[in-house]
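Reviewing the structure listed below.
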Amino acid sequence: MIRAGWLSHGKMVIYPIRNDIDEEGHQLINWVAKIDTPEHLERDCNRRGKLEDFLPAFADWHFDWLDIPALLRNAEVILEFPMVDQDPLPRWSHGRATLLGDAAHPMVPRGSNGAGQSILDAVARAKHRTATSTIEAGLAAYEAERLPATAAIVLQNRANPPDAILRAVFLRTSDKPFKRIEDVISQEELLAITGGYKKVAGYTLEDVARRMA
Ligand SMILES: Cc1cc2nc3c(=O)[nH]c(=O)nc-3n(C[C@H](O)[C@H](O)[C@H](O)COP(=O)(O)OP(=O)(O)OC[C@H]3O[C@@H](n4cnc5c(N)ncnc54)[C@H](O)[C@@H]3O)c2cc1C
């Protein structure tokens, strides 16, 4: 069984972060509780989170194999990250300096993209560094390739992120349980959402093959 939720009422992602399971079956995990709120929008990623701000949204998330409220209460540490981004910048390079990664294109953290796009920046920067005769020309070519590409993702993440699938399912089911995803959303629609996002983010098979060539 899966329960995902949506941002208006609370969405949760849980994943293991260390491949080290003890004799009692315990493993270190990270959980992310995402929730829409008119507050907590300050651009500060160094704040401690407060349980009372989000626990009520997950108070009835009890499964026979996992007790979410207990999991949240037992966390060693809770951090709070605002779901904010920044309008795409008109330029990244100034003389022999440029921007890369979050400094260049902070994006709403949806679609597991920040680090992935930072790596693609680095690959492009290295490629243009060796293919051009001056540092400035290399930075200009890097920026011409990566600024429009990442600006499109920043804007896409605001309107139609990859987890728009969860939003569609949440709205169509009113968060009620269902047995088959196909009864709620067709394979074609699912592929259209994920395929569309892959194109914008540069993650299609063709994109990957082109980079590997
Ligand atoms: C909870 C969470 C989950 C995430 N999950 C994902 C995911 O699943 N997939 C994904 O792709 N992305 C994910 N991201 C986003 C990803 O972590 C960032 O997009 C990525 O780390 C950006 O890389 P960066 O090198 O640009 O910046 P950073 O990783 O922030 O690196 C910047 C570095 O500069 C250092 N620094 C800052 N100021 C100075 C200074 N004055 N002097 C010297 N050093 C300095 C910082 O200490 C830091 O080490 C997640 C982020 C968070 C917070």
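Lettering and numbering for the structure tokens are positional, with chains as A, B, ... in the shown order, residues counted from 1 in each chain, and ligands counted from 1 in the shown order.
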Throw together the list of residues within 7 Å of ligand 1, counting only C-alpha atoms and all ligand atoms, and drop it here as a list of chain:residue names. A:Phe81, A:Leu100, A:Gly101, A:Asp102, A:Ala103, A:Pro109, A:Ser112, A:Asn113, A:Gly114, A:Ala115, A:Gly116, A:Gln117, A:Ser118
Export, as a compact mmCIF listing (two decimals), in the first residue's frame, the selected residues with C-alpha atoms.
# COMPACT_ATOMS: atom_id res chain seq x y z
CA PHE A 81 13.39 24.11 4.35
CA LEU A 100 26.67 27.20 -11.02
CA GLY A 101 24.13 25.04 -9.21
CA ASP A 102 21.85 26.52 -6.55
CA ALA A 103 23.70 29.84 -6.70
CA PRO A 109 12.62 21.38 -4.58
CA SER A 112 14.76 15.83 -7.18
CA ASN A 113 16.45 18.29 -9.44
CA GLY A 114 18.79 20.67 -7.63
CA ALA A 115 21.82 18.41 -7.41
CA GLY A 116 21.11 16.76 -10.77
CA GLN A 117 21.06 20.12 -12.54
CA SER A 118 24.18 21.26 -10.69
DSSP on the backbone, strand (DSSP E) only: what residues of segment 16-152 of chain A does that give? Format it as a PyMOL selection string. chain A and resi 16+29-34+47-48+79-80
Output file for the residues above (N, CA, C and O atoms, as a PDB file, in the first residue's frame):
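Okay, this is what ended up in selection03.pdb:
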ATOM      1  N   PRO A  16      15.498   5.324   2.914  1.00  0.00           N
ATOM      2  CA  PRO A  16      16.670   4.972   3.722  1.00  0.00           C
ATOM      3  C   PRO A  16      17.890   5.770   3.273  1.00  0.00           C
ATOM      4  O   PRO A  16      18.029   6.055   2.080  1.00  0.00           O
ATOM      5  N   ILE A  29      16.855   6.393   8.413  1.00  0.00           N
ATOM      6  CA  ILE A  29      16.058   6.902   7.296  1.00  0.00           C
ATOM      7  C   ILE A  29      15.924   8.420   7.393  1.00  0.00           C
ATOM      8  O   ILE A  29      16.160   9.008   8.443  1.00  0.00           O
ATOM      9  N   ASN A  30      15.558   8.997   6.268  1.00  0.00           N
ATOM     10  CA  ASN A  30      15.204  10.410   6.255  1.00  0.00           C
ATOM     11  C   ASN A  30      13.731  10.494   5.874  1.00  0.00           C
ATOM     12  O   ASN A  30      13.261   9.671   5.086  1.00  0.00           O
ATOM     13  N   TRP A  31      13.020  11.410   6.445  1.00  0.00           N
ATOM     14  CA  TRP A  31      11.653  11.654   5.977  1.00  0.00           C
ATOM     15  C   TRP A  31      11.499  13.129   5.647  1.00  0.00           C
ATOM     16  O   TRP A  31      12.167  13.986   6.229  1.00  0.00           O
ATOM     17  N   VAL A  32      10.635  13.391   4.681  1.00  0.00           N
ATOM     18  CA  VAL A  32      10.356  14.767   4.282  1.00  0.00           C
ATOM     19  C   VAL A  32       8.851  14.951   4.340  1.00  0.00           C
ATOM     20  O   VAL A  32       8.108  14.236   3.669  1.00  0.00           O
ATOM     21  N   ALA A  33       8.406  15.873   5.182  1.00  0.00           N
ATOM     22  CA  ALA A  33       6.981  16.214   5.263  1.00  0.00           C
ATOM     23  C   ALA A  33       6.806  17.540   4.536  1.00  0.00           C
ATOM     24  O   ALA A  33       7.421  18.538   4.902  1.00  0.00           O
ATOM     25  N   LYS A  34       6.022  17.529   3.462  1.00  0.00           N
ATOM     26  CA  LYS A  34       5.836  18.755   2.677  1.00  0.00           C
ATOM     27  C   LYS A  34       4.411  19.252   2.854  1.00  0.00           C
ATOM     28  O   LYS A  34       3.464  18.468   2.756  1.00  0.00           O
ATOM     29  N   ARG A  47      17.067  26.559   9.593  1.00  0.00           N
ATOM     30  CA  ARG A  47      16.195  26.629  10.766  1.00  0.00           C
ATOM     31  C   ARG A  47      15.795  25.245  11.235  1.00  0.00           C
ATOM     32  O   ARG A  47      15.640  24.322  10.443  1.00  0.00           O
ATOM     33  N   ARG A  48      15.608  25.109  12.539  1.00  0.00           N
ATOM     34  CA  ARG A  48      15.048  23.886  13.108  1.00  0.00           C
ATOM     35  C   ARG A  48      13.541  23.886  12.861  1.00  0.00           C
ATOM     36  O   ARG A  48      12.897  24.917  13.038  1.00  0.00           O
ATOM     37  N   LEU A  79      14.669  19.589  10.468  1.00  0.00           N
ATOM     38  CA  LEU A  79      15.096  20.825   9.817  1.00  0.00           C
ATOM     39  C   LEU A  79      13.954  21.363   8.962  1.00  0.00           C
ATOM     40  O   LEU A  79      13.124  20.583   8.478  1.00  0.00           O
ATOM     41  N   GLU A  80      13.936  22.660   8.789  1.00  0.00           N
ATOM     42  CA  GLU A  80      12.859  23.277   8.006  1.00  0.00           C
ATOM     43  C   GLU A  80      13.450  23.940   6.756  1.00  0.00           C
ATOM     44  O   GLU A  80      14.371  24.752   6.854  1.00  0.00           O
TER      45      GLU A  80
END
note - atom CA of Phe178 of chain A and atom CA of Ala57 of chain A are separated by 20.4 Å
Discussion item. As a list in words, please: the residues near Gly10 of chain A (cut-off 12 Å, only C-alpha atoms, same-chain neighbours under 4 positions excluded).
Written reply: Arg3, Ala4, Gly5, Trp6, Val32, Ala33, Lys34, Ile35, Asp36, Thr37, Asp53, Phe54, Leu55, Pro56, Ala57, Phe58, Ala59, Asp60, Trp61, Leu166, Arg167, Phe170 and Asp175 of chain A
- Query: Out of segment 74-174 of chain A, which residues get helix (DSSP H, G or I) from DSSP, as a PyMOL selection string?
  - Reply: chain A and resi 101-103+114-131+135-159+164-173
Polymer residues at most 12 Å from Lys127 of chain A, only C-alpha atoms, same-chain spacing of 2 or more positions, as a PyMOL selection string: chain A and resi 120-125+129-132+138-139+141-143+145-146+211
Asp85 of chain A proximity check over A:Ala126, A:Ile68, A:Val154, A:Ile193, using only C-alpha atoms: winner is A:Val154
In terms of only C-alpha atoms, the residue from A:Ile135, A:Pro38, A:Met12, A:Ala144 at minimal distance from Leu71 of chain A is A:Met12
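The two atoms in question, atom CA of Val208 of chain A and atom CA of Met83 of chain A, are spaced 28.2 Å apart.
Note that atom CA of Lys176 of chain A and atom CA of Glu188 of chain A are 22.4 Å apart.
Counting only C-alpha atoms, Leu191 of chain A has the following residues at most 12 Å away, ignoring those fewer than 6 positions along the same chain: Pro162, Ala164, Ile165, Ile185, Tyr197, Lys198 and Lys199 of chain A.
With only C-alpha atoms as the atoms that count, the residue of A:Pro177, A:Gly49, A:Pro69, A:Pro148 with the shortest distance to Pro88 of chain A is A:Pro148.
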